[in-house]
$ cat run_30.cif   # mmCIF, C-alpha atoms and all ligand atoms
data_my_file
#
loop_
_atom_site.label_atom_id
_atom_site.label_comp_id
_atom_site.auth_asym_id
_atom_site.auth_seq_id
_atom_site.Cartn_x
_atom_site.Cartn_y
_atom_site.Cartn_z
CA MET A 1 -153.95 53.76 -140.97
CA GLN A 2 -155.89 50.71 -142.20
CA ASN A 3 -158.11 51.14 -145.26
CA PHE A 4 -161.85 51.23 -144.77
CA THR A 5 -165.21 51.92 -146.38
CA GLN A 6 -167.79 53.91 -144.47
CA TYR A 7 -171.47 54.12 -145.46
CA ALA A 8 -174.03 55.35 -142.93
CA PRO A 9 -176.73 57.03 -144.99
CA THR A 10 -179.62 57.15 -142.50
CA GLU A 11 -180.91 60.64 -141.77
CA ILE A 12 -181.14 61.21 -138.00
CA ILE A 13 -183.81 63.51 -136.61
CA PHE A 14 -182.98 63.79 -132.93
CA GLY A 15 -184.74 65.58 -130.08
CA LYS A 16 -187.97 66.36 -128.28
CA GLU A 17 -191.26 66.08 -130.20
CA THR A 18 -189.48 64.93 -133.36
CA GLU A 19 -192.08 62.17 -133.85
CA CYS A 20 -194.38 64.92 -135.11
CA ARG A 21 -192.12 65.16 -138.16
CA ALA A 22 -192.79 61.57 -139.23
CA GLY A 23 -195.32 62.56 -141.91
CA ALA A 24 -193.03 65.18 -143.45
CA GLU A 25 -190.15 62.70 -143.49
CA VAL A 26 -192.18 59.97 -145.19
CA LYS A 27 -193.34 62.51 -147.77
CA LYS A 28 -189.78 63.67 -148.38
CA TRP A 29 -188.75 60.10 -149.20
CA GLY A 30 -191.69 59.62 -151.58
CA GLY A 31 -194.07 57.61 -149.37
CA THR A 32 -197.83 57.93 -149.93
CA ARG A 33 -199.19 54.67 -148.41
CA VAL A 34 -197.53 53.77 -145.16
CA PHE A 35 -197.39 50.33 -143.55
CA LEU A 36 -197.04 51.08 -139.84
CA VAL A 37 -195.25 48.32 -137.92
CA TYR A 38 -195.23 48.28 -134.11
CA GLY A 39 -194.95 45.94 -131.15
CA GLY A 40 -197.05 44.65 -128.30
CA GLY A 41 -198.75 47.89 -127.37
CA SER A 42 -196.33 50.26 -125.61
CA ALA A 43 -196.60 52.74 -128.52
CA VAL A 44 -200.40 52.65 -128.31
CA ARG A 45 -200.48 53.10 -124.53
CA SER A 46 -198.09 56.06 -124.57
CA GLY A 47 -200.08 57.84 -127.28
CA LEU A 48 -197.06 57.80 -129.60
CA LEU A 49 -198.78 55.86 -132.37
CA LYS A 50 -201.60 58.39 -132.42
CA ARG A 51 -199.14 61.28 -132.68
CA VAL A 52 -197.35 59.60 -135.58
CA GLU A 53 -200.66 58.97 -137.34
CA THR A 54 -201.71 62.59 -136.86
CA SER A 55 -198.50 63.72 -138.49
CA LEU A 56 -199.11 61.35 -141.45
CA GLU A 57 -202.66 62.68 -141.74
CA GLN A 58 -201.39 66.26 -141.84
CA GLU A 59 -199.31 65.37 -144.90
CA GLY A 60 -202.21 63.60 -146.63
CA ILE A 61 -200.54 60.20 -146.25
CA SER A 62 -202.67 57.09 -145.69
CA TRP A 63 -201.57 54.25 -143.42
CA TYR A 64 -202.34 50.71 -142.34
CA GLU A 65 -201.62 49.60 -138.76
CA PHE A 66 -199.72 46.34 -138.34
CA GLY A 67 -199.15 45.82 -134.61
CA GLY A 68 -198.16 42.78 -132.58
CA VAL A 69 -194.42 42.34 -133.24
CA LYS A 70 -192.89 40.32 -130.39
CA PRO A 71 -189.35 40.63 -129.02
CA ASN A 72 -187.13 38.14 -130.89
CA PRO A 73 -189.39 38.85 -133.89
CA ARG A 74 -190.78 35.87 -135.75
CA LEU A 75 -190.35 35.07 -139.42
CA SER A 76 -194.01 33.98 -139.72
CA PHE A 77 -195.22 37.37 -138.51
CA ALA A 78 -192.98 39.17 -141.00
CA ARG A 79 -194.31 36.92 -143.78
CA GLU A 80 -197.85 37.87 -142.75
CA GLY A 81 -196.78 41.52 -142.90
CA VAL A 82 -195.47 41.14 -146.44
CA LYS A 83 -198.80 39.67 -147.54
CA LYS A 84 -200.79 42.44 -145.93
CA ALA A 85 -198.49 45.22 -147.13
CA LEU A 86 -198.78 43.94 -150.71
CA GLU A 87 -202.58 43.88 -150.42
CA GLU A 88 -202.48 47.43 -149.07
CA LYS A 89 -200.12 48.53 -151.87
CA ALA A 90 -197.81 50.07 -149.30
CA ASP A 91 -194.94 52.13 -150.69
CA PHE A 92 -193.25 53.03 -147.39
CA ILE A 93 -192.67 50.88 -144.30
CA LEU A 94 -192.52 52.77 -141.01
CA ALA A 95 -191.53 51.09 -137.75
CA VAL A 96 -192.54 52.57 -134.40
CA GLY A 97 -190.59 50.74 -131.71
CA GLY A 98 -187.26 49.04 -131.09
CA GLY A 99 -185.09 46.47 -132.79
CA SER A 100 -187.92 43.96 -133.07
CA ALA A 101 -190.37 46.31 -134.81
CA ILE A 102 -187.61 47.80 -136.97
CA ASP A 103 -186.24 44.42 -138.06
CA THR A 104 -189.74 43.22 -138.91
CA ALA A 105 -190.26 46.42 -140.91
CA LYS A 106 -186.97 45.83 -142.76
CA ALA A 107 -188.06 42.27 -143.59
CA ILE A 108 -191.44 43.48 -144.83
CA ALA A 109 -189.72 46.13 -146.94
CA HIS A 110 -187.61 43.43 -148.61
CA GLY A 111 -190.59 41.11 -149.06
CA VAL A 112 -192.75 43.80 -150.65
CA ALA A 113 -190.03 44.64 -153.18
CA ASN A 114 -189.45 40.95 -153.94
CA PRO A 115 -192.91 39.33 -153.72
CA GLU A 116 -191.80 36.24 -155.67
CA ALA A 117 -189.15 35.35 -153.07
CA ASP A 118 -189.65 33.78 -149.64
CA LEU A 119 -188.23 35.85 -146.79
CA TRP A 120 -186.14 32.99 -145.37
CA ASP A 121 -184.57 32.42 -148.79
CA ILE A 122 -183.57 36.08 -148.71
CA TRP A 123 -182.28 35.66 -145.13
CA THR A 124 -180.20 32.61 -146.02
CA LYS A 125 -178.98 34.32 -149.21
CA LYS A 126 -180.50 31.62 -151.43
CA VAL A 127 -182.14 34.55 -153.20
CA PRO A 128 -179.80 37.54 -153.52
CA LEU A 129 -181.36 40.78 -152.33
CA LYS A 130 -181.10 43.45 -155.01
CA LYS A 131 -183.84 45.88 -154.08
CA SER A 132 -186.08 46.90 -151.20
CA THR A 133 -188.88 49.30 -150.28
CA PRO A 134 -188.06 52.59 -148.53
CA ALA A 135 -188.37 52.32 -144.76
CA GLY A 136 -187.89 54.52 -141.69
CA CYS A 137 -188.46 54.41 -137.95
CA VAL A 138 -189.54 56.23 -134.84
CA LEU A 139 -187.27 54.71 -132.19
CA THR A 140 -188.60 53.96 -128.70
CA ILE A 141 -185.70 52.06 -127.08
CA SER A 142 -181.94 52.59 -127.17
CA ALA A 143 -180.48 49.15 -127.68
CA ALA A 144 -180.24 47.18 -130.92
CA GLY A 145 -178.98 50.03 -133.08
CA SER A 146 -181.15 48.77 -135.92
CA GLU A 147 -182.09 52.37 -136.68
CA THR A 148 -178.67 52.90 -138.29
CA SER A 149 -177.37 49.36 -138.86
CA ASP A 150 -177.11 47.31 -142.02
CA SER A 151 -178.56 44.36 -140.15
CA ALA A 152 -181.94 42.76 -139.43
CA VAL A 153 -182.53 39.73 -137.22
CA LEU A 154 -185.44 37.28 -137.35
CA THR A 155 -186.27 34.04 -135.56
CA ASN A 156 -187.40 31.17 -137.74
CA GLU A 157 -189.60 29.43 -135.20
CA GLU A 158 -190.04 26.29 -137.34
CA LEU A 159 -186.29 25.70 -137.42
CA GLY A 160 -185.59 27.19 -133.97
CA LYS A 161 -182.98 29.49 -135.51
CA LYS A 162 -182.33 33.17 -134.97
CA ALA A 163 -180.32 34.77 -137.75
CA GLY A 164 -179.44 38.15 -139.13
CA ILE A 165 -178.85 39.42 -142.62
CA ASN A 166 -176.34 42.20 -143.30
CA THR A 167 -176.94 44.30 -146.38
CA ASP A 168 -177.00 47.98 -147.24
CA PHE A 169 -180.67 47.46 -148.19
CA ASN A 170 -181.23 47.32 -144.42
CA ARG A 171 -180.28 50.99 -144.09
CA LEU A 172 -183.29 53.10 -143.21
CA LYS A 173 -184.06 56.37 -144.97
CA PHE A 174 -184.54 58.11 -141.64
CA ALA A 175 -184.60 57.50 -137.91
CA ILE A 176 -186.61 59.76 -135.62
CA MET A 177 -185.11 59.70 -132.15
CA ASN A 178 -186.80 61.45 -129.24
CA PRO A 179 -185.13 60.36 -125.97
CA GLU A 180 -188.29 61.26 -124.02
CA LEU A 181 -189.99 58.29 -125.70
CA THR A 182 -187.66 55.99 -123.75
CA TYR A 183 -188.82 57.23 -120.32
CA THR A 184 -191.51 54.52 -120.19
CA LEU A 185 -189.09 51.62 -120.74
CA PRO A 186 -189.14 48.84 -118.16
CA ARG A 187 -185.86 49.08 -116.18
CA TYR A 188 -184.84 45.63 -117.35
CA GLN A 189 -185.14 46.73 -121.00
CA LEU A 190 -183.15 49.89 -120.28
CA ALA A 191 -180.37 47.76 -118.79
CA CYS A 192 -180.55 45.25 -121.66
CA GLY A 193 -180.12 48.17 -124.05
CA ILE A 194 -177.03 49.48 -122.25
CA VAL A 195 -175.43 46.02 -122.44
CA ASP A 196 -176.30 45.67 -126.13
CA ILE A 197 -174.77 49.06 -126.97
CA MET A 198 -171.57 48.12 -125.10
CA MET A 199 -171.52 44.79 -126.88
CA HIS A 200 -171.87 46.28 -130.36
CA THR A 201 -168.78 48.31 -129.54
CA LEU A 202 -166.80 45.54 -127.80
CA GLU A 203 -167.50 43.08 -130.62
CA ARG A 204 -165.69 45.52 -132.92
CA TYR A 205 -162.95 46.26 -130.40
CA PHE A 206 -161.49 42.85 -129.60
CA ILE A 207 -160.09 42.23 -133.05
CA PRO A 208 -156.48 41.13 -133.53
CA GLY A 209 -153.98 43.25 -135.42
CA PRO A 210 -153.44 46.98 -135.72
CA SER A 211 -156.37 49.30 -135.43
CA ASN A 212 -156.89 52.93 -136.36
CA GLU A 213 -156.24 55.36 -133.52
CA MET A 214 -159.34 57.45 -134.28
CA THR A 215 -161.53 54.33 -134.37
CA ASP A 216 -160.18 53.24 -130.99
CA GLU A 217 -160.77 56.68 -129.49
CA ILE A 218 -164.37 56.73 -130.73
CA ALA A 219 -165.03 53.24 -129.39
CA GLU A 220 -163.49 54.00 -125.99
CA GLY A 221 -165.30 57.35 -125.71
CA LEU A 222 -168.56 55.67 -126.63
CA LEU A 223 -168.06 52.98 -124.01
CA ARG A 224 -167.19 55.49 -121.28
CA THR A 225 -170.23 57.60 -122.22
CA VAL A 226 -172.73 54.76 -122.20
CA ILE A 227 -171.33 53.34 -118.92
CA ARG A 228 -171.45 56.74 -117.16
CA ASN A 229 -174.89 57.70 -118.46
CA GLY A 230 -176.17 54.18 -117.95
CA ARG A 231 -175.55 54.66 -114.23
CA LYS A 232 -177.37 58.01 -114.25
CA ALA A 233 -180.30 56.64 -116.25
CA MET A 234 -180.74 53.63 -113.96
CA LYS A 235 -181.15 56.11 -111.08
CA ASN A 236 -183.48 58.43 -112.96
CA GLN A 237 -185.03 57.31 -116.20
CA GLU A 238 -186.35 60.80 -116.87
CA ASP A 239 -182.88 62.33 -116.97
CA TYR A 240 -183.15 63.76 -120.49
CA ASP A 241 -179.44 64.23 -121.02
CA ALA A 242 -178.52 60.74 -119.83
CA MET A 243 -181.24 59.11 -121.94
CA SER A 244 -180.11 61.24 -124.92
CA GLU A 245 -176.47 60.18 -124.60
CA ILE A 246 -177.48 56.52 -124.39
CA MET A 247 -179.71 56.86 -127.44
CA TRP A 248 -177.00 58.46 -129.55
CA CYS A 249 -174.43 55.91 -128.35
CA GLY A 250 -176.83 53.17 -129.47
CA SER A 251 -176.94 54.50 -133.01
CA LEU A 252 -173.19 55.09 -133.26
CA SER A 253 -172.38 51.70 -131.76
CA HIS A 254 -173.89 49.84 -134.68
CA ASN A 255 -173.50 52.03 -137.78
CA ASN A 256 -169.95 50.67 -138.26
CA LEU A 257 -168.22 53.85 -137.07
CA THR A 258 -166.39 51.94 -134.35
CA GLU A 259 -165.06 49.24 -136.67
CA LEU A 260 -163.36 51.28 -139.38
CA GLY A 261 -160.12 49.68 -140.45
CA ARG A 262 -160.72 46.76 -138.13
CA GLY A 263 -163.89 44.84 -139.02
CA LYS A 264 -166.09 43.04 -136.56
CA ASP A 265 -166.33 39.78 -134.67
CA PHE A 266 -169.86 39.29 -133.27
CA SER A 267 -169.17 35.87 -131.79
CA VAL A 268 -170.81 36.80 -128.47
CA HIS A 269 -173.87 37.76 -130.51
CA LYS A 270 -173.86 34.31 -132.14
CA LEU A 271 -173.92 32.75 -128.64
CA GLY A 272 -176.66 35.19 -127.62
CA HIS A 273 -178.77 34.42 -130.69
CA ALA A 274 -178.59 30.68 -129.93
CA LEU A 275 -179.93 31.45 -126.43
CA GLY A 276 -182.55 33.86 -127.80
CA ALA A 277 -183.89 31.30 -130.27
CA ARG A 278 -184.02 28.45 -127.73
CA TYR A 279 -185.29 30.30 -124.64
CA ASP A 280 -186.84 33.49 -126.06
CA ALA A 281 -184.70 35.54 -123.63
CA ALA A 282 -184.18 39.32 -124.02
CA HIS A 283 -181.29 39.98 -126.40
CA GLY A 284 -179.14 42.19 -124.14
CA ALA A 285 -179.50 39.71 -121.26
CA THR A 286 -178.29 36.82 -123.42
CA LEU A 287 -175.12 38.83 -124.10
CA SER A 288 -174.32 39.79 -120.50
CA ALA A 289 -174.89 36.14 -119.51
CA VAL A 290 -172.11 34.84 -121.76
CA TRP A 291 -169.66 37.72 -122.27
CA GLY A 292 -167.63 36.93 -119.14
CA ALA A 293 -167.22 33.26 -120.06
CA TRP A 294 -166.27 34.24 -123.64
CA ALA A 295 -163.69 36.75 -122.38
CA ASP A 296 -162.21 34.24 -119.89
CA TYR A 297 -161.75 31.79 -122.75
CA VAL A 298 -160.11 34.10 -125.29
CA TYR A 299 -158.35 36.92 -123.41
CA GLU A 300 -154.93 35.29 -123.08
CA ASN A 301 -154.59 35.45 -126.86
CA ASP A 302 -154.46 39.26 -126.69
CA LEU A 303 -153.61 40.37 -123.15
CA ALA A 304 -152.33 43.73 -124.34
CA ARG A 305 -155.64 44.60 -125.98
CA PHE A 306 -157.58 43.77 -122.82
CA GLN A 307 -155.09 45.82 -120.79
CA HIS A 308 -155.51 48.76 -123.18
CA TYR A 309 -159.31 48.47 -122.91
CA GLY A 310 -159.11 48.36 -119.10
CA LYS A 311 -157.02 51.50 -118.95
CA ALA A 312 -158.94 53.52 -121.55
CA VAL A 313 -162.44 52.56 -120.44
CA TRP A 314 -162.19 51.65 -116.74
CA GLY A 315 -159.11 53.66 -115.73
CA ILE A 316 -157.17 50.55 -114.62
CA GLU A 317 -153.52 51.51 -114.07
CA GLU A 318 -152.16 48.02 -113.26
CA GLU A 319 -148.82 47.50 -115.04
CA ASP A 320 -148.78 43.72 -115.07
CA THR A 321 -150.48 42.91 -118.38
CA GLY A 322 -152.10 39.68 -117.23
CA LYS A 323 -153.48 41.17 -114.02
CA ALA A 324 -154.69 44.27 -115.86
CA ALA A 325 -156.51 42.16 -118.46
CA ARG A 326 -158.24 40.15 -115.71
CA GLN A 327 -159.30 43.32 -113.92
CA ALA A 328 -160.76 44.69 -117.16
CA ILE A 329 -162.94 41.59 -117.54
CA ASP A 330 -164.00 41.71 -113.88
CA ARG A 331 -164.91 45.40 -114.03
CA THR A 332 -167.07 44.80 -117.12
CA VAL A 333 -168.93 41.88 -115.53
CA ASP A 334 -169.34 43.85 -112.28
CA TYR A 335 -170.96 46.65 -114.26
CA PHE A 336 -173.45 44.21 -115.81
CA ARG A 337 -174.27 43.06 -112.26
CA GLU A 338 -174.69 46.67 -111.15
CA LEU A 339 -177.27 47.09 -113.93
CA GLY A 340 -179.11 44.05 -112.60
CA MET A 341 -178.25 42.01 -115.66
CA PRO A 342 -177.64 38.24 -115.56
CA VAL A 343 -173.96 37.31 -115.78
CA ASN A 344 -174.43 33.57 -116.23
CA LEU A 345 -176.99 31.12 -117.61
CA LYS A 346 -178.40 30.31 -114.18
CA GLU A 347 -179.30 33.96 -113.68
CA LEU A 348 -180.59 34.31 -117.24
CA LEU A 349 -182.92 31.31 -117.37
CA ASP A 350 -185.67 29.95 -115.13
CA THR A 351 -185.00 26.42 -116.27
CA PRO A 352 -181.90 24.34 -115.50
CA VAL A 353 -179.55 23.90 -118.45
CA THR A 354 -178.53 20.29 -119.10
CA GLU A 355 -175.45 18.90 -120.85
CA GLU A 356 -177.65 18.19 -123.88
CA ASP A 357 -178.86 21.79 -123.90
CA ILE A 358 -175.26 23.03 -123.82
CA GLN A 359 -174.34 20.75 -126.71
CA ALA A 360 -177.37 21.89 -128.70
CA LEU A 361 -176.56 25.56 -128.05
CA ALA A 362 -173.01 25.03 -129.29
CA LYS A 363 -174.36 23.41 -132.44
CA ASP A 364 -176.81 26.26 -133.01
CA ALA A 365 -174.16 28.95 -132.51
CA THR A 366 -171.73 27.29 -134.93
CA MET A 367 -174.31 26.09 -137.48
CA ASN A 368 -173.71 22.44 -136.63
CA GLY A 369 -170.00 22.95 -136.27
CA THR A 370 -169.58 24.32 -139.81
CA VAL A 371 -168.70 27.88 -138.76
CA LYS A 372 -165.77 29.06 -136.64
CA LEU A 373 -166.39 32.03 -134.35
CA SER A 374 -164.25 34.79 -132.92
CA ARG A 375 -161.28 36.59 -134.38
CA ILE A 376 -159.16 36.88 -131.24
CA LYS A 377 -159.09 33.09 -130.84
CA GLU A 378 -160.78 30.78 -133.30
CA LEU A 379 -163.70 28.94 -131.70
CA GLY A 380 -165.08 25.69 -133.06
CA GLU A 381 -168.12 23.81 -131.74
CA GLU A 382 -166.17 22.24 -128.84
CA ASP A 383 -164.75 25.63 -127.76
CA VAL A 384 -168.24 27.13 -127.84
CA ARG A 385 -169.57 24.18 -125.84
CA ARG A 386 -166.94 24.87 -123.18
CA ILE A 387 -167.84 28.56 -123.10
CA PHE A 388 -171.53 27.77 -122.59
CA GLU A 389 -170.51 25.21 -119.95
CA ALA A 390 -168.43 27.84 -118.14
CA ALA A 391 -171.27 30.37 -118.46
CA ARG A 392 -173.66 28.10 -116.60
CA GLU A 393 -172.66 29.34 -113.15
CA ARG A 394 -169.80 31.74 -113.81
O1 LIG B 1 -193.59 45.52 -128.00
P1 LIG B 1 -193.77 46.71 -127.13
O2 LIG B 1 -195.07 46.77 -126.45
O3 LIG B 1 -193.41 47.98 -127.83
O4 LIG B 1 -192.70 46.52 -125.91
C1 LIG B 1 -191.30 46.46 -126.10
C2 LIG B 1 -190.71 45.08 -125.88
O5 LIG B 1 -191.46 44.37 -124.96
C3 LIG B 1 -190.64 47.26 -125.02
N1 LIG B 1 -190.53 48.68 -125.35
C4 LIG B 1 -189.86 49.24 -126.38
N2 LIG B 1 -189.91 50.57 -126.31
C5 LIG B 1 -190.63 50.87 -125.20
C6 LIG B 1 -191.04 49.66 -124.60
N3 LIG B 1 -191.79 49.62 -123.47
C7 LIG B 1 -192.13 50.80 -122.92
N4 LIG B 1 -191.76 52.00 -123.43
C8 LIG B 1 -191.01 52.06 -124.56
N5 LIG B 1 -190.61 53.26 -125.04
O6 LIG B 1 -189.35 46.73 -124.90
C9 LIG B 1 -189.38 45.36 -125.26
C10 LIG B 1 -188.20 45.07 -126.17
O7 LIG B 1 -188.37 45.66 -127.44
P2 LIG B 1 -187.43 45.22 -128.64
O8 LIG B 1 -187.80 45.97 -129.85
O9 LIG B 1 -187.42 43.72 -128.72
O10 LIG B 1 -185.99 45.67 -128.08
P3 LIG B 1 -184.61 45.87 -128.76
O11 LIG B 1 -184.49 47.20 -129.39
O12 LIG B 1 -183.63 45.48 -127.75
O13 LIG B 1 -184.57 44.82 -129.96
C11 LIG B 1 -184.15 43.50 -129.77
C12 LIG B 1 -184.19 42.75 -131.09
O14 LIG B 1 -183.26 43.35 -132.02
C13 LIG B 1 -182.32 42.37 -132.46
C14 LIG B 1 -182.24 41.44 -131.27
O15 LIG B 1 -181.66 40.20 -131.61
C15 LIG B 1 -183.69 41.31 -130.88
O16 LIG B 1 -184.39 40.44 -131.73
N6 LIG B 1 -181.07 43.01 -132.85
C16 LIG B 1 -181.10 43.70 -134.00
C17 LIG B 1 -179.97 44.31 -134.50
C18 LIG B 1 -179.99 45.04 -135.77
N7 LIG B 1 -181.06 44.95 -136.54
O17 LIG B 1 -179.01 45.72 -136.12
C19 LIG B 1 -178.68 44.21 -133.82
C20 LIG B 1 -178.75 43.69 -132.43
O18 LIG B 1 -177.51 43.11 -132.08
C21 LIG B 1 -179.83 42.71 -132.19
O19 LIG B 1 -179.45 41.41 -132.57
ZN ZN B 2 -176.97 43.28 -130.17
#
$ encode --input "run_30.cif" --output "structure tokens" --more "lines below"
Ligand code: NZQ
Ligand code: ZN
Amino acid sequence: MQNFTQYAPTEIIFGKETECRAGAEVKKWGGTRVFLVYGGGSAVRSGLLKRVETSLEQEGISWYEFGGVKPNPRLSFAREGVKKALEEKADFILAVGGGSAIDTAKAIAHGVANPEADLWDIWTKKVPLKKSTPAGCVLTISAAGSETSDSAVLTNEELGKKAGINTDFNRLKFAIMNPELTYTLPRYQLACGIVDIMMHTLERYFIPGPSNEMTDEIAEGLLRTVIRNGRKAMKNQEDYDAMSEIMWCGSLSHNNLTELGRGKDFSVHKLGHALGARYDAAHGATLSAVWGAWADYVYENDLARFQHYGKAVWGIEEEDTGKAARQAIDRTVDYFRELGMPVNLKELLDTPVTEEDIQALAKDATMNGTVKLSRIKELGEEDVRRIFEAARER
């Protein structure tokens, strides 16, 4: 077995009506003045925000509402949040929403604990992050896995760059997860979430070299579960058990459990972030649009791994390794189609993508050619350009 370190400290409170425990949870972790971060209004419309506030009130905790986080959350908005949270003397940051609200809350938590530092300097590691403010969440969408991850992603709109920071200071104190809260999701967002959960697992799966058997089994079981329940949920979004399985898969897909002894790749995410920053497209859709082209480009470097994946996840019994690997890629892309997700750039974007756009995307994804992507096959700027090119109409 390969060595590993596992650290997943976030307390999970899972089930119906758990949002009513938000106040007690904040109190338990020492919060007295909450900075409440949420998105464009879904939490207000559903009455969730009110329920969370009532539970804070019951514990004698004060709060300040900071709504308006947009998908692909902006650095400038997080900076504004830091300023406001400092004025309000907030001692606990609580997100109500999905990856965008949670990542903004994480950024605000870091900014409040380090008021002398600019957030982007923290993001680019110019200023090392050594402390943060306690933060938690009430999750409303199963997708990004930010509720348990060590990651937070922001878009710097001045530079046109979307980037994440990985640090254990991004680990939340608690995550409240009531699957019923996801019933109101737009179908497109539900599908985006299913893709993202698969991707967080696949980006830890296609890694060269030996892997731990238990880690593989967890990853494969997670993939089968999210695929099966994804189908059920797309038919009936109020299927509590299906929505529950997806939600739990989302958290386990990104708390590192499926990478133990192996590490991660996240090159498809780098391609997706370049698309997200340039076109403001939904995160999960940027991933389904390029995964097929990425897999086509790299799979021959590890046919056996793709064959193994095809058998374990899709039940492909083909004995010829090359054919089996191809079928595994096709089945995955077909599933994205079944979810109604884009599987190429033409389907993802309203605007035509020019040669110059492709070149610029390749530069963005590789930080001007300074970073190599992918573990299964090393990808420089020219490789990434070819992948984007192939993704145009795949
Ligand atoms: O803003 P509101 O009105 O809440 O609407 C949101 C938003 O429009 C809506 N929504 C969420 N819950 C809902 C709901 N609508 C109705 N009912 C509900 N229960 O869904 C839309 C998308 O929300 P968002 O928070 O953006 O979704 P998601 O969780 O997919 O987060 C995506 C962001 O997370 C980043 C992505 O790059 C992207 O910026 N990621 C963060 C990661 C992390 N921190 O670990 C890892 C991921 O790989 C990802 O990069
Ligand atoms: Zn993701």
$ closest_residue --input "run_30.cif" --among "A:Glu217, A:Glu65, A:Glu381, A:Asp196" --to "A:Met341" --atoms "all atoms listed in the file"
A:Asp196
$ residues_near_ligand --input "run_30.cif" --ligand "ligand ZN 2 (chain B)" --cutoff "8 Å" --atoms "all atoms listed in the file" --output "list in words"
Ala143, Ala144, Gly145, Asp196, Ile197, Met199, His200, His269, His283, Gly284 and Leu287 of chain A
$ axis_aligned_box --input "run_30.cif" --around "ligand LIG 1 (chain B)" --padding-each-side "8 Å" --output "JSON"
{"center_x": -186.3, "center_y": 46.7, "center_z": -129.7, "size_x": 33.6, "size_y": 29.1, "size_z": 29.6}
$ closest_residue --input "run_30.cif" --among "A:Val298, A:Val138, A:Ala90, A:Cys249" --to "ligand LIG 1 (chain B)" --atoms "only C-alpha atoms and all ligand atoms"
A:Val138
$ residues_near_ligand --input "run_30.cif" --ligand "ligand LIG 1 (chain B)" --cutoff "6 Å" --atoms "only C-alpha atoms and all ligand atoms" --output "PyMOL selection string"
chain A and resi 39-43+70-73+97-101+103+140-141+143-146+149+151-153+181-182+184-186+189+193+283
$ residues_near_point --input "run_30.cif" --point "(-191.3, 51.0, -150.2)" --cutoff "8 Å" --atoms "only C-alpha atoms" --output "PyMOL selection string"
chain A and resi 31+90-93+109+112-113+132-135
$ residues_around --input "run_30.cif" --residues "stretch 158-162 of chain A" --least-positions-apart "4" --cutoff "12 Å" --atoms "all atoms listed in the file" --output "tab-separated table (two decimals) with C-alpha atoms, in the frame of the given file"
chain	number	residue	atom	x	y	z
A	71	PRO	CA	-189.35	40.63	-129.02
A	72	ASN	CA	-187.13	38.14	-130.89
A	73	PRO	CA	-189.39	38.85	-133.89
A	74	ARG	CA	-190.78	35.87	-135.75
A	75	LEU	CA	-190.35	35.07	-139.42
A	76	SER	CA	-194.01	33.98	-139.72
A	120	TRP	CA	-186.14	32.99	-145.37
A	123	TRP	CA	-182.28	35.66	-145.13
A	124	THR	CA	-180.20	32.61	-146.02
A	152	ALA	CA	-181.94	42.76	-139.43
A	153	VAL	CA	-182.53	39.73	-137.22
A	154	LEU	CA	-185.44	37.28	-137.35
A	269	HIS	CA	-173.87	37.76	-130.51
A	270	LYS	CA	-173.86	34.31	-132.14
A	271	LEU	CA	-173.92	32.75	-128.64
A	272	GLY	CA	-176.66	35.19	-127.62
A	273	HIS	CA	-178.77	34.42	-130.69
A	274	ALA	CA	-178.59	30.68	-129.93
A	275	LEU	CA	-179.93	31.45	-126.43
A	276	GLY	CA	-182.55	33.86	-127.80
A	277	ALA	CA	-183.89	31.30	-130.27
A	278	ARG	CA	-184.02	28.45	-127.73
A	279	TYR	CA	-185.29	30.30	-124.64
A	280	ASP	CA	-186.84	33.49	-126.06
A	281	ALA	CA	-184.70	35.54	-123.63
A	283	HIS	CA	-181.29	39.98	-126.40
A	360	ALA	CA	-177.37	21.89	-128.70
A	361	LEU	CA	-176.56	25.56	-128.05
A	363	LYS	CA	-174.36	23.41	-132.44
A	364	ASP	CA	-176.81	26.26	-133.01
A	365	ALA	CA	-174.16	28.95	-132.51
A	366	THR	CA	-171.73	27.29	-134.93
A	367	MET	CA	-174.31	26.09	-137.48
A	368	ASN	CA	-173.71	22.44	-136.63
$ atom_distance --input "run_30.cif" --atom1 "atom CA of A:Gly23" --atom2 "atom CA of A:Glu53"
7.9 Å
$ atom_distance --input "run_30.cif" --atom1 "atom CA of A:Asp118" --atom2 "atom CA of A:Val96"
24.4 Å
$ residues_near_point --input "run_30.cif" --point "(-202.6, 56.3, -146.0)" --cutoff "7 Å" --atoms "only C-alpha atoms" --output "mmCIF file with C-alpha atoms, in the coordinates of the input"
data_model
loop_
_atom_site.group_PDB
_atom_site.id
_atom_site.type_symbol
_atom_site.label_atom_id
_atom_site.label_comp_id
_atom_site.auth_asym_id
_atom_site.auth_seq_id
_atom_site.Cartn_x
_atom_site.Cartn_y
_atom_site.Cartn_z
ATOM 1 C CA THR A 32 -197.830 57.930 -149.930
ATOM 2 C CA ARG A 33 -199.190 54.670 -148.410
ATOM 3 C CA VAL A 34 -197.530 53.770 -145.160
ATOM 4 C CA ILE A 61 -200.540 60.200 -146.250
ATOM 5 C CA SER A 62 -202.670 57.090 -145.690
ATOM 6 C CA TRP A 63 -201.570 54.250 -143.420
ATOM 7 C CA TYR A 64 -202.340 50.710 -142.340
#
